[in-house]
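Shown next: final10.txt, containing compact mmCIF, C-alpha atoms and all ligand atoms.
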```txt
# COMPACT_ATOMS: atom_id res chain seq x y z
CA MET A 963 19.62 24.46 -6.98
CA ILE A 964 18.29 20.90 -6.84
CA LYS A 965 20.28 18.15 -8.49
CA THR A 966 18.53 17.00 -11.67
CA THR A 967 21.11 14.71 -13.29
CA SER A 968 21.89 11.21 -12.09
CA LYS A 969 22.88 7.77 -13.30
CA TYR A 970 19.63 6.24 -12.02
CA LEU A 971 16.24 7.89 -11.72
CA ILE A 972 13.57 5.98 -9.86
CA ILE A 973 10.02 7.24 -10.21
CA GLY A 974 7.90 6.48 -7.14
CA ALA A 975 8.99 6.41 -3.48
CA GLY A 976 6.68 3.53 -2.59
CA LEU A 977 7.92 0.16 -1.37
CA SER A 978 9.07 -0.94 -4.81
CA GLY A 979 11.02 2.20 -5.77
CA LEU A 980 12.63 2.41 -2.33
CA THR A 981 13.63 -1.27 -2.50
CA THR A 982 15.35 -0.68 -5.85
CA ALA A 983 17.17 2.39 -4.49
CA TYR A 984 18.15 0.49 -1.32
CA GLU A 985 19.51 -2.47 -3.31
CA LEU A 986 21.49 -0.18 -5.63
CA TYR A 987 22.87 1.72 -2.66
CA LYS A 988 23.94 -1.53 -0.98
CA ALA A 989 25.81 -2.44 -4.16
CA GLY A 990 27.72 0.88 -4.05
CA GLU A 991 25.61 2.54 -6.76
CA THR A 992 24.81 5.80 -5.01
CA ALA A 993 24.09 8.03 -8.05
CA ILE A 994 20.33 7.81 -7.54
CA ILE A 995 17.47 10.25 -7.49
CA VAL A 996 13.99 9.12 -6.44
CA LEU A 997 10.97 11.22 -7.45
CA ASP A 998 7.49 11.10 -5.99
CA ALA A 999 4.37 13.14 -6.68
CA ARG A 1000 3.26 12.97 -3.05
CA ALA A 1001 4.49 15.17 -0.21
CA THR A 1002 5.43 12.07 1.77
CA ILE A 1003 7.17 8.80 0.90
CA GLY A 1004 5.60 5.33 1.14
CA GLY A 1005 2.87 5.45 -1.51
CA ARG A 1006 0.27 2.86 -0.59
CA ILE A 1007 2.02 2.32 2.74
CA LEU A 1008 0.68 4.98 5.04
CA THR A 1009 0.67 4.78 8.84
CA THR A 1010 -0.80 7.79 10.61
CA ASN A 1011 -1.43 8.01 14.34
CA GLN A 1012 -0.21 4.35 14.52
CA ILE A 1013 -2.95 3.16 12.16
CA ASP A 1014 -2.10 1.49 8.86
CA PHE A 1015 -4.38 3.17 6.33
CA GLY A 1016 -2.58 1.35 3.49
CA ALA A 1017 -0.88 -2.07 3.60
CA THR A 1018 -0.94 -3.89 6.94
CA TRP A 1019 -0.53 -7.67 6.80
CA PHE A 1020 1.77 -10.25 5.30
CA GLN A 1021 1.56 -14.04 5.38
CA ASN A 1022 4.14 -16.80 5.81
CA HIS A 1023 4.56 -17.22 2.06
CA HIS A 1024 5.49 -13.52 1.69
CA THR A 1025 9.15 -14.34 2.22
CA HIS A 1026 10.48 -11.13 0.64
CA VAL A 1027 8.69 -9.01 3.24
CA ALA A 1028 9.93 -11.25 6.06
CA GLY A 1029 13.49 -11.20 4.64
CA LEU A 1030 13.61 -7.44 4.31
CA LEU A 1031 12.26 -6.95 7.84
CA ARG A 1032 14.97 -9.29 9.18
CA GLU A 1033 17.66 -7.42 7.26
CA LEU A 1034 16.43 -4.04 8.53
CA LYS A 1035 15.97 -5.41 12.06
CA ILE A 1036 12.27 -4.60 12.25
CA GLU A 1037 10.08 -6.90 14.32
CA LYS A 1038 6.90 -8.56 13.11
CA PHE A 1039 4.00 -9.59 15.36
CA PRO A 1040 0.81 -11.62 14.90
CA GLN A 1041 -2.55 -10.05 14.18
CA TYR A 1042 -4.47 -10.28 17.48
CA ALA A 1043 -7.33 -12.75 17.09
CA LYS A 1044 -8.02 -14.16 20.56
CA GLY A 1045 -11.59 -14.32 21.82
CA GLN A 1046 -14.85 -14.25 19.94
CA SER A 1047 -15.06 -12.88 16.42
CA VAL A 1048 -18.32 -11.70 14.86
CA LEU A 1049 -19.65 -12.81 11.48
CA VAL A 1050 -22.54 -10.75 10.12
CA TYR A 1051 -23.67 -12.80 7.15
CA SER A 1052 -27.29 -11.78 6.66
CA THR A 1053 -29.53 -8.80 7.32
CA MET A 1054 -32.28 -11.24 8.37
CA ALA A 1055 -30.42 -13.64 10.66
CA PRO A 1056 -28.62 -12.83 13.93
CA GLU A 1057 -24.85 -12.47 13.93
CA HIS A 1058 -22.69 -15.52 14.37
CA TYR A 1059 -19.84 -15.72 16.90
CA PHE A 1060 -16.78 -17.88 16.25
CA GLN A 1061 -13.33 -18.55 17.70
CA ASN A 1062 -10.30 -18.29 15.45
CA ASP A 1063 -8.39 -21.53 15.11
CA PRO A 1064 -5.30 -21.04 17.34
CA ASN A 1065 -3.35 -23.41 15.07
CA ALA A 1066 -4.14 -21.55 11.84
CA PRO A 1067 -1.18 -19.51 10.56
CA SER A 1068 -1.68 -15.92 11.58
CA ALA A 1069 -1.29 -12.82 9.44
CA HIS A 1070 1.74 -10.80 10.56
CA ARG A 1071 1.91 -7.07 11.23
CA ILE A 1072 4.96 -4.82 11.18
CA ALA A 1073 6.13 -3.38 14.52
CA GLY A 1074 5.86 0.42 14.46
CA GLY A 1075 3.32 0.17 11.65
CA SER A 1076 4.07 -0.59 8.00
CA THR A 1077 5.64 2.86 7.60
CA ALA A 1078 8.51 1.67 9.83
CA LEU A 1079 9.68 -0.42 6.86
CA ILE A 1080 9.54 2.60 4.53
CA LYS A 1081 11.46 4.85 6.94
CA LYS A 1082 14.24 2.32 7.50
CA LEU A 1083 14.59 1.52 3.78
CA ALA A 1084 14.88 5.18 2.80
CA THR A 1085 17.31 6.22 5.55
CA PRO A 1086 20.56 5.91 3.52
CA PHE A 1087 19.36 8.10 0.65
CA LEU A 1088 16.62 10.25 2.21
CA ASN A 1089 18.09 13.49 0.85
CA GLN A 1090 18.09 12.00 -2.65
CA ILE A 1091 14.30 11.69 -2.66
CA HIS A 1092 12.47 14.61 -4.27
CA THR A 1093 8.85 14.72 -3.11
CA ASP A 1094 6.02 16.88 -4.53
CA THR A 1095 7.53 16.08 -7.93
CA THR A 1096 5.07 14.72 -10.48
CA VAL A 1097 6.44 13.13 -13.63
CA LEU A 1098 4.62 14.40 -16.72
CA ALA A 1099 6.76 13.15 -19.62
CA ILE A 1100 9.55 10.65 -20.31
CA GLU A 1101 11.60 11.28 -23.44
CA ASP A 1102 14.31 9.14 -25.04
CA LEU A 1103 17.26 11.37 -25.95
CA GLY A 1104 19.41 8.51 -27.28
CA ASP A 1105 22.26 8.46 -24.74
CA SER A 1106 20.01 9.42 -21.86
CA ILE A 1107 16.41 9.85 -20.79
CA LYS A 1108 14.79 13.20 -20.05
CA VAL A 1109 12.09 13.16 -17.37
CA VAL A 1110 9.89 16.24 -17.28
CA THR A 1111 8.17 16.99 -13.97
CA ASN A 1112 6.04 19.80 -12.54
CA LYS A 1113 9.23 21.15 -10.89
CA ALA A 1114 12.16 20.59 -13.27
CA ALA A 1115 13.46 18.46 -16.14
CA TYR A 1116 15.68 15.59 -14.96
CA SER A 1117 18.10 13.49 -16.95
CA ALA A 1118 19.45 9.99 -16.28
CA GLU A 1119 21.11 7.02 -17.96
CA LYS A 1120 18.48 4.62 -16.63
CA VAL A 1121 14.92 5.20 -15.44
CA VAL A 1122 12.65 2.87 -13.48
CA SER A 1123 8.96 3.72 -13.28
CA THR A 1124 7.26 2.16 -10.24
CA ILE A 1125 4.07 4.16 -10.74
CA PRO A 1126 1.07 1.77 -10.82
CA PRO A 1127 0.76 0.97 -14.57
CA ARG A 1128 -2.71 2.45 -14.98
CA ILE A 1129 -1.53 5.74 -13.44
CA ALA A 1130 1.69 5.67 -15.49
CA ALA A 1131 -0.44 5.55 -18.64
CA ARG A 1132 -1.12 9.28 -18.00
CA ILE A 1133 2.53 10.11 -18.74
CA ASP A 1134 3.60 11.28 -22.22
CA PHE A 1135 6.21 8.81 -23.48
CA LEU A 1136 8.30 10.12 -26.36
CA PRO A 1137 8.50 8.17 -28.56
CA GLU A 1138 5.21 6.49 -27.63
CA LEU A 1139 5.37 3.06 -26.01
CA PRO A 1140 4.21 0.15 -28.20
CA ASN A 1141 0.39 0.00 -28.37
CA ASN A 1142 0.14 -3.36 -26.64
CA VAL A 1143 2.12 -2.01 -23.66
CA THR A 1144 -0.12 1.04 -23.30
CA GLU A 1145 -3.21 -1.19 -23.53
CA VAL A 1146 -1.92 -3.52 -20.80
CA MET A 1147 -1.05 -0.53 -18.59
CA LYS A 1148 -4.54 0.92 -18.91
CA LYS A 1149 -6.16 -2.42 -18.09
CA THR A 1150 -4.02 -3.24 -15.04
CA HIS A 1151 -6.15 -2.60 -11.97
CA THR A 1152 -4.25 -0.90 -9.15
CA TRP A 1153 -4.60 -3.23 -6.19
CA MET A 1154 -6.75 -1.78 -3.39
CA SER A 1155 -7.15 1.56 -5.17
CA ASN A 1156 -10.89 1.30 -4.50
CA ALA A 1157 -10.56 0.55 -0.76
CA ILE A 1158 -11.85 2.78 2.03
CA LYS A 1159 -10.22 2.21 5.40
CA VAL A 1160 -11.41 3.37 8.81
CA GLY A 1161 -9.32 3.57 11.98
CA LEU A 1162 -10.41 4.37 15.52
CA LYS A 1163 -8.28 4.79 18.63
CA PHE A 1164 -9.35 4.15 22.23
CA LYS A 1165 -7.90 4.65 25.72
CA GLN A 1166 -8.55 0.97 26.48
CA PRO A 1167 -9.09 -2.16 24.36
CA PHE A 1168 -12.59 -2.62 25.80
CA TRP A 1169 -13.35 -5.44 23.33
CA LYS A 1170 -10.61 -7.63 24.84
CA ALA A 1171 -12.12 -7.23 28.31
CA ARG A 1172 -15.33 -8.65 26.85
CA ASN A 1173 -13.53 -11.60 25.26
CA LEU A 1174 -14.06 -10.16 21.78
CA SER A 1175 -11.15 -10.28 19.32
CA GLY A 1176 -12.20 -7.02 17.63
CA THR A 1177 -12.77 -8.93 14.38
CA VAL A 1178 -16.11 -8.17 12.71
CA ILE A 1179 -16.62 -9.64 9.24
CA GLY A 1180 -19.53 -9.40 6.81
CA GLN A 1181 -20.56 -7.90 3.48
CA VAL A 1182 -23.99 -6.71 4.58
CA GLY A 1183 -23.06 -3.86 6.91
CA ALA A 1184 -21.20 -0.52 6.97
CA VAL A 1185 -17.82 -2.17 7.67
CA THR A 1186 -16.90 -5.32 5.73
CA GLU A 1187 -13.84 -6.24 7.83
CA LEU A 1188 -12.63 -4.88 11.17
CA TYR A 1189 -9.65 -5.99 13.28
CA ASP A 1190 -7.87 -5.16 16.50
CA HIS A 1191 -5.12 -2.63 15.71
CA THR A 1192 -3.31 -2.45 19.06
CA ASN A 1193 0.33 -1.50 18.47
CA TYR A 1194 3.36 -3.74 18.99
CA GLY A 1195 4.18 -2.41 22.46
CA GLU A 1196 0.51 -2.60 23.52
CA THR A 1197 0.55 1.07 24.50
CA GLU A 1198 -1.92 2.30 21.87
CA PHE A 1199 -5.30 0.70 21.26
CA GLY A 1200 -7.34 0.77 18.12
CA LEU A 1201 -9.59 -0.93 15.62
CA MET A 1202 -9.00 -0.74 11.88
CA GLY A 1203 -10.84 -2.10 8.87
CA PHE A 1204 -12.50 -1.71 5.50
CA VAL A 1205 -15.61 0.36 4.91
CA ASN A 1206 -18.39 -0.97 2.69
CA GLU A 1207 -17.89 0.77 -0.65
CA ALA A 1208 -21.64 1.31 -0.94
CA LEU A 1209 -21.08 4.19 1.54
CA ARG A 1210 -18.54 5.97 -0.68
CA ASP A 1211 -20.93 8.62 -1.98
CA LEU A 1212 -22.49 9.56 1.37
CA THR A 1213 -21.39 12.75 3.13
CA PRO A 1214 -18.53 12.14 5.60
CA GLU A 1215 -20.96 12.77 8.48
CA GLU A 1216 -23.54 10.28 7.18
CA ARG A 1217 -20.86 7.64 6.56
CA GLN A 1218 -19.31 8.08 10.01
CA ALA A 1219 -22.75 7.84 11.66
CA LYS A 1220 -23.50 4.56 9.84
CA ILE A 1221 -20.09 3.10 10.68
CA LEU A 1222 -20.34 4.00 14.36
CA ALA A 1223 -23.91 2.66 14.64
CA TYR A 1224 -22.86 -0.61 13.02
CA LEU A 1225 -19.82 -1.10 15.23
CA THR A 1226 -21.78 -0.17 18.34
CA LYS A 1227 -24.27 -2.90 17.51
CA TYR A 1228 -21.60 -5.61 17.40
CA LEU A 1229 -18.87 -4.39 19.78
CA GLY A 1230 -20.80 -2.27 22.30
CA GLU A 1231 -21.52 1.32 23.34
CA GLU A 1232 -17.83 1.93 24.17
CA ILE A 1233 -17.25 2.42 20.44
CA MET A 1234 -18.52 5.97 20.98
CA ASP A 1235 -15.63 6.65 23.43
CA TYR A 1236 -13.11 6.78 20.57
CA THR A 1237 -10.25 9.26 21.01
CA SER A 1238 -9.73 9.57 17.26
CA TYR A 1239 -11.67 8.57 14.14
CA GLU A 1240 -10.16 8.68 10.64
CA GLU A 1241 -10.98 7.37 7.19
CA LYS A 1242 -8.93 7.08 4.02
CA ASP A 1243 -10.69 6.59 0.68
CA TRP A 1244 -7.97 5.55 -1.77
CA SER A 1245 -10.27 6.08 -4.74
CA GLN A 1246 -9.97 9.83 -4.07
CA ASP A 1247 -6.17 9.72 -4.16
CA LYS A 1248 -5.03 10.74 -7.64
CA ASN A 1249 -1.56 9.20 -7.21
CA THR A 1250 -3.09 5.75 -6.70
CA SER A 1251 -6.48 5.82 -8.29
CA CYS A 1252 -8.06 6.77 -11.57
CA ASP A 1253 -11.49 8.01 -12.67
CA THR A 1254 -12.75 4.66 -13.91
CA ILE A 1255 -12.56 2.94 -10.54
CA LYS A 1256 -14.40 -0.35 -10.18
CA SER A 1257 -14.84 -2.63 -7.21
CA ILE A 1258 -12.58 -5.58 -7.73
CA TYR A 1259 -12.22 -7.96 -4.86
CA MET A 1260 -10.81 -10.97 -6.64
CA SER A 1261 -7.09 -10.85 -7.31
CA PRO A 1262 -6.71 -9.46 -10.83
CA ALA A 1263 -3.97 -10.71 -13.15
CA TYR A 1264 -0.60 -9.10 -12.45
CA GLY A 1265 2.94 -9.44 -13.77
CA ASN A 1266 2.12 -9.15 -17.48
CA PRO A 1267 5.23 -10.10 -19.50
CA VAL A 1268 5.30 -6.62 -21.13
CA PHE A 1269 6.64 -5.36 -17.80
CA ALA A 1270 9.58 -7.76 -17.92
CA ASP A 1271 10.91 -6.06 -21.06
CA SER A 1272 12.85 -2.83 -21.13
CA TYR A 1273 12.01 0.14 -23.35
CA MET A 1274 13.83 3.10 -24.92
CA ASN A 1275 16.74 0.84 -25.90
CA GLY A 1276 17.14 -0.70 -22.47
CA LYS A 1277 17.06 2.60 -20.59
CA LEU A 1278 13.49 2.42 -19.24
CA LEU A 1279 12.19 -0.30 -16.90
CA PHE A 1280 8.83 -0.84 -15.26
CA SER A 1281 8.54 -2.12 -11.70
CA GLY A 1282 6.03 -2.02 -8.82
CA ALA A 1283 3.54 -4.38 -7.19
CA GLU A 1284 1.29 -4.68 -10.27
CA THR A 1285 4.20 -5.61 -12.58
CA SER A 1286 5.41 -8.43 -10.33
CA PRO A 1287 5.13 -12.01 -11.57
CA LEU A 1288 5.22 -13.09 -7.91
CA HIS A 1289 2.55 -12.05 -5.38
CA GLY A 1290 1.40 -9.22 -7.64
CA GLY A 1291 -0.46 -6.40 -5.89
CA TYR A 1292 0.98 -7.21 -2.46
CA MET A 1293 3.92 -5.73 -0.53
CA ASP A 1294 5.79 -8.94 -1.31
CA GLY A 1295 5.34 -8.31 -5.05
CA ALA A 1296 6.47 -4.69 -4.64
CA ILE A 1297 9.69 -5.85 -2.97
CA TYR A 1298 10.23 -8.71 -5.43
CA SER A 1299 9.84 -6.41 -8.44
CA GLY A 1300 12.01 -3.76 -6.78
CA LYS A 1301 14.82 -6.27 -6.30
CA LEU A 1302 14.42 -7.56 -9.84
CA ALA A 1303 14.72 -4.01 -11.24
CA ALA A 1304 17.89 -3.39 -9.19
CA GLU A 1305 19.41 -6.65 -10.53
CA LYS A 1306 18.62 -5.66 -14.13
CA LEU A 1307 20.16 -2.21 -13.60
CA LYS A 1308 23.32 -3.56 -11.95
CA HIS A 1309 23.97 -6.03 -14.73
CA LYS A 1310 23.49 -3.73 -17.67
C1 LIG B 1 -5.93 0.16 1.57
C2 LIG B 1 -4.82 -0.76 1.17
C3 LIG B 1 -4.58 -1.91 1.89
C4 LIG B 1 -3.55 -2.77 1.52
N1 LIG B 1 -3.31 -3.87 2.29
C5 LIG B 1 -2.26 -4.65 2.03
C6 LIG B 1 -1.89 -5.70 2.92
O1 LIG B 1 -2.47 -5.85 4.01
N2 LIG B 1 -0.83 -6.49 2.56
C7 LIG B 1 -0.12 -6.30 1.40
O2 LIG B 1 0.84 -7.05 1.15
N3 LIG B 1 -0.43 -5.28 0.57
C8 LIG B 1 -1.47 -4.46 0.85
N4 LIG B 1 -1.74 -3.39 0.04
C9 LIG B 1 -0.95 -3.24 -1.20
C10 LIG B 1 0.41 -2.58 -0.92
O3 LIG B 1 0.18 -1.33 -0.30
C11 LIG B 1 1.15 -2.40 -2.24
O4 LIG B 1 1.42 -3.66 -2.81
C12 LIG B 1 2.50 -1.68 -2.15
O5 LIG B 1 2.54 -0.69 -1.17
C13 LIG B 1 2.81 -1.12 -3.54
O6 LIG B 1 4.07 -0.51 -3.58
P1 LIG B 1 4.57 0.11 -4.94
O7 LIG B 1 5.85 0.80 -4.66
O8 LIG B 1 4.54 -0.91 -6.00
O9 LIG B 1 3.44 1.16 -5.38
P2 LIG B 1 2.97 2.52 -4.65
O10 LIG B 1 3.06 2.39 -3.19
O11 LIG B 1 1.65 2.86 -5.26
O12 LIG B 1 4.08 3.58 -5.10
C14 LIG B 1 4.04 4.25 -6.32
C15 LIG B 1 4.44 5.68 -6.08
O13 LIG B 1 4.38 6.39 -7.32
C16 LIG B 1 3.98 7.71 -7.04
N5 LIG B 1 3.46 8.35 -8.26
C17 LIG B 1 2.28 8.14 -8.90
N6 LIG B 1 2.22 8.90 -10.00
C18 LIG B 1 3.39 9.60 -10.06
C19 LIG B 1 3.92 10.54 -10.99
N7 LIG B 1 3.27 10.91 -12.11
N8 LIG B 1 5.15 11.09 -10.72
C20 LIG B 1 5.85 10.73 -9.62
N9 LIG B 1 5.39 9.82 -8.73
C21 LIG B 1 4.18 9.27 -8.95
C22 LIG B 1 2.92 7.56 -5.96
O14 LIG B 1 2.77 8.76 -5.24
C23 LIG B 1 3.49 6.42 -5.13
O15 LIG B 1 4.20 6.89 -4.00
C24 LIG B 1 -2.75 -2.48 0.39
C25 LIG B 1 -2.98 -1.30 -0.32
C26 LIG B 1 -3.98 -0.45 0.07
C27 LIG B 1 -4.19 0.85 -0.70
```
Give the structure from this file in structure tokens form.
Amino acid sequence: MIKTTSKYLIIGAGLSGLTTAYELYKAGETAIIVLDARATIGGRILTTNQIDFGATWFQNHHTHVAGLLRELKIEKFPQYAKGQSVLVYSTMAPEHYFQNDPNAPSAHRIAGGSTALIKKLATPFLNQIHTDTTVLAIEDLGDSIKVVTNKAAYSAEKVVSTIPPRIAARIDFLPELPNNVTEVMKKTHTWMSNAIKVGLKFKQPFWKARNLSGTVIGQVGAVTELYDHTNYGETEFGLMGFVNEALRDLTPEERQAKILAYLTKYLGEEIMDYTSYEEKDWSQDKNTSCDTIKSIYMSPAYGNPVFADSYMNGKLLFSGAETSPLHGGYMDGAIYSGKLAAEKLKHK
């Protein structure tokens, strides 16, 4: 029999939900159950075969990521950018080569891949995470909240939903949430839910030998951004980047052919010597994306004040990257909102 009653129920085992659970655990609050619809934990953090198909980088101002990594004793390392980078800015003009400014602050990567952070965070309460468990309804029972899933009905004193707001709008809330809250949820774009990533592995970083950084940037080709994705220990070599969304509706074979032809043109024939090739189209992932996906590259507005309130008489909170008033959409926002939720729970 699985345990279905707890003081705290956290919906979503992404960075935000796991941060809340971790902070509660640290404070001695161990009566926690975490639910996630996916078979694996991490949500939009997904490292497979040492390639980050979800979140990868953080910057110096993302102090919550840096702080958590320090606390969990996980190393960070700079995005490799030495040598010539390629800018493809026009279909008519030749490509442009440039050197990255060695004094510019670099984006940081997480040693072991971003999933290393997820694994470490979840370690203390791993057996309290119920995967393959999709929340369908959240009902206020007065003294407690009932959470109906595809597996079982759970009950808790306090519930935190870290599901991206637009995806959470699918849930039946009983009684219904105020109209303005539902409207905001539906309009909150899930950051990067439209992205397609590609990752290739190689026996050798042939681009480095040619004084190329592995960076290829430009909106006019099959790949809009590509970067070196060599691992921390420099034992595994790869390139990872974002696919032009115009290729979304091609067959996988057609898309792969276009991507490989494009990269061959700018990085050389050795592209075809890849030892693995993988793509991840997040728009096809029902736990992140919705049917009305649009391409949004500018940073949409996050941290709407409706997410700072609690609902169901203080028993239901919303958290997650898109609810964060600080660095919304990013890993830093996910951690910030996760910590904020834990604080609210501890002091109520
Ligand atoms: C391709 C891509 C690249 C990115 N790059 C970066 C980057 O370089 N730097 C950066 O800072 N950020 C980046 N991000 C954003 C970063 O991944 C997110 O900010 C962060 O992971 C969000 O964490 P979260 O816990 O708020 O949400 P999520 O990770 O989305 O977690 C929510 C969880 O809820 C679960 N869920 C959904 N519906 C249900 C349901 N009904 N019942 C139960 N569970 C449910 C989901 O399965 C998921 O695990 C990127 C994201 C993507 C997709």
Q: Using all atoms listed in the file, determine which residues fall within 7 Å of ligand LIG 1 (chain B), then list them as JSON, numbers by chain.
A: {"A": [973, 974, 975, 976, 977, 978, 979, 997, 998, 999, 1000, 1003, 1004, 1005, 1006, 1007, 1015, 1016, 1017, 1018, 1019, 1020, 1095, 1096, 1097, 1098, 1124, 1125, 1126, 1129, 1130, 1133, 1153, 1154, 1155, 1157, 1158, 1159, 1244, 1249, 1250, 1282, 1283, 1284, 1291, 1292, 1293, 1294, 1295, 1296]}
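Between atom CA of A:Ser1281 and atom CA of A:Val1122 there is a distance of 6.7 Å.
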Q) Given the choices A:Leu1307, A:Asp1063, A:Pro1262, A:Phe1280, which gets closest to A:Lys969 if the distance is worked out from all atoms listed in the file? A) A:Leu1307
Q) Can you tell me how far atom CA of A:Arg1217 sits from atom CA of A:Thr1186, in Å to one decimal? A)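 For atom CA of A:Arg1217 relative to atom CA of A:Thr1186, the distance reads 13.6 Å.
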Q) Which is closer to A:Pro1040 than all the others in A:Phe1087, A:Trp1169, A:Tyr1194, A:Phe1199, using only C-alpha atoms? A) A:Tyr1194
Q: Give the answer as one residue: which of A:Asn1142, A:Ser1123, A:Asn1193, A:Asn1206 has the shortest atom-to-atom distance to A:Thr982, using only C-alpha atoms?
A: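 Closest residue, counting only C-alpha atoms: A:Ser1123.
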Can you rebuild stretch 1080-1086 of chain A with all heavy atoms and give it as an mmCIF file, keeping the file's coordinate frame?
```
data_model
loop_
_atom_site.group_PDB
_atom_site.id
_atom_site.type_symbol
_atom_site.label_atom_id
_atom_site.label_comp_id
_atom_site.auth_asym_id
_atom_site.auth_seq_id
_atom_site.Cartn_x
_atom_site.Cartn_y
_atom_site.Cartn_z
ATOM 1 N N ILE A 1080 9.234 1.527 5.506
ATOM 2 C CA ILE A 1080 9.540 2.600 4.530
ATOM 3 C C ILE A 1080 10.644 3.509 5.081
ATOM 4 O O ILE A 1080 11.621 3.816 4.394
ATOM 5 C CB ILE A 1080 8.238 3.399 4.245
ATOM 6 C CG1 ILE A 1080 7.223 2.520 3.499
ATOM 7 C CG2 ILE A 1080 8.507 4.704 3.521
ATOM 8 C CD1 ILE A 1080 7.644 2.048 2.134
ATOM 9 N N LYS A 1081 10.499 3.920 6.343
ATOM 10 C CA LYS A 1081 11.460 4.850 6.940
ATOM 11 C C LYS A 1081 12.858 4.253 6.975
ATOM 12 O O LYS A 1081 13.839 4.907 6.644
ATOM 13 C CB LYS A 1081 11.028 5.207 8.372
ATOM 14 C CG LYS A 1081 9.895 6.191 8.415
ATOM 15 C CD LYS A 1081 9.707 6.682 9.844
ATOM 16 C CE LYS A 1081 8.515 7.612 9.935
ATOM 17 N NZ LYS A 1081 7.907 7.603 11.249
ATOM 18 N N LYS A 1082 12.935 2.986 7.375
ATOM 19 C CA LYS A 1082 14.240 2.320 7.500
ATOM 20 C C LYS A 1082 14.888 2.148 6.116
ATOM 21 O O LYS A 1082 16.081 2.380 5.941
ATOM 22 C CB LYS A 1082 14.006 0.959 8.111
ATOM 23 C CG LYS A 1082 14.663 0.421 9.344
ATOM 24 C CD LYS A 1082 15.619 1.087 10.119
ATOM 25 C CE LYS A 1082 16.407 0.477 11.222
ATOM 26 N NZ LYS A 1082 15.895 -0.588 11.995
ATOM 27 N N LEU A 1083 14.070 1.733 5.140
ATOM 28 C CA LEU A 1083 14.590 1.520 3.780
ATOM 29 C C LEU A 1083 15.187 2.789 3.202
ATOM 30 O O LEU A 1083 16.223 2.764 2.545
ATOM 31 C CB LEU A 1083 13.427 1.123 2.849
ATOM 32 C CG LEU A 1083 13.168 -0.296 2.445
ATOM 33 C CD1 LEU A 1083 12.039 -0.328 1.429
ATOM 34 C CD2 LEU A 1083 14.398 -0.991 1.888
ATOM 35 N N ALA A 1084 14.513 3.910 3.447
ATOM 36 C CA ALA A 1084 14.880 5.180 2.800
ATOM 37 C C ALA A 1084 16.002 5.903 3.527
ATOM 38 O O ALA A 1084 16.562 6.864 2.967
ATOM 39 C CB ALA A 1084 13.643 6.075 2.722
ATOM 40 N N THR A 1085 16.343 5.468 4.733
ATOM 41 C CA THR A 1085 17.310 6.220 5.550
ATOM 42 C C THR A 1085 18.618 6.550 4.816
ATOM 43 O O THR A 1085 19.053 7.699 4.850
ATOM 44 C CB THR A 1085 17.589 5.460 6.874
ATOM 45 O OG1 THR A 1085 16.357 5.322 7.543
ATOM 46 C CG2 THR A 1085 18.572 6.212 7.770
ATOM 47 N N PRO A 1086 19.255 5.581 4.101
ATOM 48 C CA PRO A 1086 20.560 5.910 3.520
ATOM 49 C C PRO A 1086 20.528 6.990 2.444
ATOM 50 O O PRO A 1086 21.545 7.623 2.196
ATOM 51 C CB PRO A 1086 21.030 4.579 2.909
ATOM 52 C CG PRO A 1086 20.112 3.528 3.390
ATOM 53 C CD PRO A 1086 18.866 4.194 3.849
#
```
